[in-house]
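A.B. asks: Following this line is input.txt, made up of compact mmCIF, C-alpha atoms:
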```txt
# COMPACT_ATOMS: atom_id res chain seq x y z
CA VAL D 1290 32.45 -7.03 -29.24
CA ASN D 1291 34.49 -7.43 -26.03
CA ILE D 1292 36.42 -4.24 -26.80
CA ILE D 1293 33.22 -2.20 -27.10
CA ALA D 1294 31.75 -3.85 -23.99
CA LEU D 1295 34.93 -3.13 -22.01
CA ALA D 1296 34.87 0.50 -23.14
CA VAL D 1297 31.26 0.80 -21.93
CA ALA D 1298 32.14 -0.72 -18.53
CA LEU D 1299 35.17 1.58 -18.18
CA ALA D 1300 32.95 4.59 -18.90
CA LEU D 1301 30.23 3.55 -16.42
CA LEU D 1302 32.24 2.31 -13.43
CA ASP D 1303 34.58 4.46 -11.37
CA GLY D 1304 36.24 1.41 -9.82
CA LEU D 1305 37.14 -0.06 -13.20
CA SER D 1306 40.00 1.74 -14.92
CA ILE D 1307 43.15 1.38 -16.94
CA GLN D 1308 46.19 2.60 -15.07
CA TYR D 1309 49.30 3.71 -16.92
CA ASN D 1310 52.95 3.90 -15.92
CA HIS D 1311 53.33 7.17 -17.86
CA PRO D 1312 50.79 9.79 -18.95
CA PRO D 1313 49.06 8.23 -21.97
CA THR D 1314 48.34 9.74 -25.37
CA GLU D 1315 44.93 9.22 -26.98
CA GLY D 1316 46.42 6.54 -29.21
CA ARG D 1317 47.87 4.75 -26.18
CA LYS D 1318 44.47 4.84 -24.44
CA ILE D 1319 42.80 3.28 -27.49
CA PHE D 1320 45.57 0.69 -27.79
CA ALA D 1321 45.12 -0.22 -24.10
CA VAL D 1322 41.35 -0.74 -24.45
CA VAL D 1323 41.83 -2.79 -27.64
CA LEU D 1324 44.56 -4.98 -26.12
CA ILE D 1325 42.73 -5.56 -22.82
CA GLY D 1326 39.43 -6.16 -24.65
CA ALA D 1327 41.12 -8.71 -26.91
CA LEU D 1328 42.64 -10.45 -23.88
CA LEU D 1329 39.21 -10.54 -22.23
CA GLY D 1330 37.84 -12.10 -25.42
CA VAL D 1331 40.52 -14.82 -25.39
CA ILE D 1332 39.84 -15.53 -21.71
CA ASN D 1333 36.09 -15.69 -22.35
CA LYS D 1334 36.66 -18.04 -25.29
CA PHE D 1335 38.97 -20.54 -23.59
CA VAL D 1336 38.81 -20.19 -19.79
CA ARG D 1337 35.17 -19.20 -19.18
CA PRO D 1338 33.68 -22.45 -20.59
CA VAL D 1339 35.84 -24.56 -18.26
CA VAL D 1340 34.96 -22.42 -15.23
CA THR D 1341 31.28 -22.48 -16.19
CA ILE D 1342 31.26 -26.28 -16.41
CA LEU D 1343 32.94 -26.55 -13.02
CA ALA D 1344 30.39 -24.11 -11.58
CA ILE D 1345 27.30 -25.93 -12.89
CA PRO D 1346 26.18 -27.09 -9.42
CA ALA D 1347 26.39 -23.54 -8.06
CA ILE D 1348 24.68 -22.16 -11.17
CA VAL D 1349 21.79 -24.59 -10.75
CA LEU D 1350 21.49 -23.96 -6.99
CA THR D 1351 21.46 -20.19 -7.44
CA LEU D 1352 19.17 -20.25 -10.49
CA GLY D 1353 21.91 -18.75 -12.66
CA PHE D 1354 23.15 -16.01 -10.35
CA ALA D 1355 26.48 -17.79 -9.99
CA LEU D 1356 27.14 -16.83 -13.62
CA LEU D 1357 27.65 -13.28 -12.31
CA LEU D 1358 30.51 -14.63 -10.23
CA VAL D 1359 31.95 -16.41 -13.27
CA ASN D 1360 31.83 -13.13 -15.22
CA ALA D 1361 33.44 -11.29 -12.31
CA ALA D 1362 36.16 -13.94 -12.12
CA MET D 1363 36.95 -13.55 -15.83
CA LEU D 1364 37.27 -9.78 -15.39
CA ALA D 1365 39.47 -10.24 -12.32
CA LEU D 1366 41.64 -12.76 -14.20
CA THR D 1367 42.07 -10.27 -17.04
CA ALA D 1368 43.11 -7.61 -14.52
CA THR D 1369 45.59 -9.99 -12.89
CA ILE D 1370 47.17 -10.94 -16.21
CA THR D 1371 47.48 -7.32 -17.37
CA LYS D 1372 48.98 -6.34 -14.01
CA HIS D 1373 51.67 -9.00 -14.50
CA PHE D 1374 52.36 -7.77 -18.04
CA ASN D 1375 52.41 -4.18 -16.79
CA ASP D 1376 55.35 -5.05 -14.60
CA GLN D 1377 57.09 -6.72 -17.55
CA THR D 1378 56.39 -4.88 -20.79
CA ILE D 1379 53.20 -3.04 -21.75
CA GLY D 1380 53.15 -0.13 -19.30
CA PHE D 1381 49.45 -0.26 -18.37
CA HIS D 1382 47.01 -2.58 -16.65
CA LEU D 1383 43.34 -3.04 -15.92
CA HIS D 1384 42.44 -2.09 -12.36
CA VAL D 1385 39.36 -3.54 -10.65
CA ALA D 1386 38.68 -1.81 -7.32
CA GLY D 1387 37.06 -4.77 -5.58
CA PHE D 1388 34.65 -7.68 -5.63
CA TRP D 1389 31.48 -5.67 -6.24
CA THR D 1390 33.18 -3.65 -8.96
CA ALA D 1391 34.14 -6.93 -10.65
CA VAL D 1392 30.54 -8.19 -10.38
CA ALA D 1393 29.12 -4.92 -11.75
CA GLY D 1394 31.77 -4.84 -14.49
CA GLY D 1395 31.01 -8.42 -15.47
CA LEU D 1396 27.30 -7.64 -15.63
CA ILE D 1397 27.83 -4.48 -17.70
CA ILE D 1398 30.22 -6.28 -20.06
CA THR D 1399 27.72 -9.12 -20.51
CA ILE D 1400 24.84 -6.75 -21.28
CA ALA D 1401 26.96 -4.55 -23.56
CA SER D 1402 28.33 -7.61 -25.41
CA TRP D 1403 24.82 -8.94 -25.93
CA ALA D 1404 23.54 -5.57 -27.21
CA THR D 1405 26.56 -5.08 -29.48
CA SER D 1406 26.16 -8.59 -30.90
CA LEU D 1407 22.51 -7.87 -31.68
CA VAL D 1408 23.40 -4.64 -33.49
CA ILE D 1409 26.20 -6.31 -35.47
CA GLU D 1410 23.92 -9.19 -36.42
CA LYS D 1411 21.17 -6.82 -37.52
CA VAL D 1412 23.56 -4.66 -39.57
CA SER D 1413 25.19 -7.68 -41.25
CA ARG D 1414 21.87 -8.96 -42.65
```
Would you mind writing the structure in this file as structure tokens?
C.D. replies:
Amino acid sequence: VNIIALAVALALLDGLSIQYNHPPTEGRKIFAVVLIGALLGVINKFVRPVVTILAIPAIVLTLGFALLLVNAAMLALTATITKHFNDQTIGFHLHVAGFWTAVAGGLIITIASWATSLVIEKVSR
């Protein structure tokens, strides 16, 4: 689900991209989206709940809008981790152009994940 949502966000936002050390093949592009989407899924599974709990006062005060910042932070964390790995081994990284791109990307990924989950649930019945 995160892989599909990331692909949607990459297609919709100019400031969100995967940057490569060398010109990529189509297979390399797919591999990059799958790997980064999987990393985003792991971060959302283990880190996001902790950050969300810590942000509960801000979430309550802002009537839930602070969750957009949590989503943006998870996307920025994914970009930071892939940038570190880019320097070490994998040869590509997620690039987020700025704060508002991270917020928009987090929102798009959330909506796309929700829609994809609904479709998968409906198909699996």
A.B. asks: Env of region 1326-1332 of chain D: 7 Å cut, atoms = all atoms listed in the file, seq-sep filter 3 positions within chain, self excluded. Answer as a ChimeraX atom specification.
C.D. replies: /D:1291-1292,1295,1322-1323,1335-1337,1363,1367
A.B. asks: Could you state the separation of CA of Leu1383 (chain D) and CA of Ile1345 (chain D) in Å, given to one decimal place?
C.D. replies: 28.1 Å
A.B. asks: Pick the closest to Val1392 (chain D) from D:Ile1409, D:Leu1302, D:Ile1307, D:Leu1352: which is it, counting only C-alpha atoms?
C.D. replies: D:Leu1302
A.B. asks: Would you mind reading off the distance between CA of Gly1395 (chain D) and CA of Ser1413 (chain D), one decimal, in Å?
C.D. replies: 26.4 Å
A.B. asks: At a cut-off of 9 Å from (39.4, -7.3, -14.7) in the coordinates of the file, what residues are picked up using all atoms listed in the file, written as JSON, numbers by chain?
C.D. replies: {"D": [1305, 1325, 1329, 1361, 1362, 1363, 1364, 1365, 1366, 1367, 1368, 1369, 1370, 1371, 1383, 1384, 1385, 1391, 1394, 1395]}
A.B. asks: Taking (32.9, -19.8, -15.8) in the file's own coordinates, collect the residues within 9 Å, counting only C-alpha atoms, and hand them back as a PyMOL selection string.
C.D. replies: chain D and resi 1333+1336-1345+1355-1356+1358-1360+1362-1363
A.B. asks: Using only C-alpha atoms, can you tell me which of D:Ser1402, D:Arg1414, D:Phe1381, D:Thr1390 comes closest to Pro1312 (chain D)?
C.D. replies: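 Ranking D:Ser1402, D:Arg1414, D:Phe1381, D:Thr1390 by distance to Pro1312 (chain D), first place goes to D:Phe1381.
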A.B. asks: Quick one: residues within 12 Å of His1311 (chain D), only C-alpha atoms counted, chain neighbours fewer than 3 positions away excluded, as a ChimeraX atom specification?
C.D. replies: /D:1307-1308,1314,1317-1318,1375,1379-1382
A.B. asks: Would you please work out which residue, of D:Ile1398, D:Lys1334, D:Glu1410, D:Tyr1309, is nearest to Thr1378 (chain D) when using all atoms listed in the file?
C.D. replies: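 Of all the options, D:Tyr1309 lies closest to Thr1378 (chain D).
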A.B. asks: May I ask for the distance between CA of Ile1293 (chain D) and CA of Ala1347 (chain D), given in Å to one decimal place?
C.D. replies: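 Computing it gives 29.4 Å between the two atoms.
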A.B. asks: Which residue is closest to Ala1404 (chain D)? Choose from D:Ile1348, D:Ala1386, D:Ala1294, D:Leu1324 and count all atoms listed in the file.
C.D. replies: D:Ala1294
A.B. asks: With only C-alpha atoms as the atoms that count, which of D:Phe1320, D:Lys1372, D:Asn1310, D:Lys1411 lies nearest to Ala1296 (chain D)?
C.D. replies: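 Looking at the shortest contact to Ala1296 (chain D), the residue is D:Phe1320.
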A.B. asks: With all atoms listed in the file as the basis for distance, which of D:Leu1350, D:Ala1321, D:Leu1357, D:Ala1298 is at the shortest distance from Ala1401 (chain D)?
C.D. replies: D:Ala1298
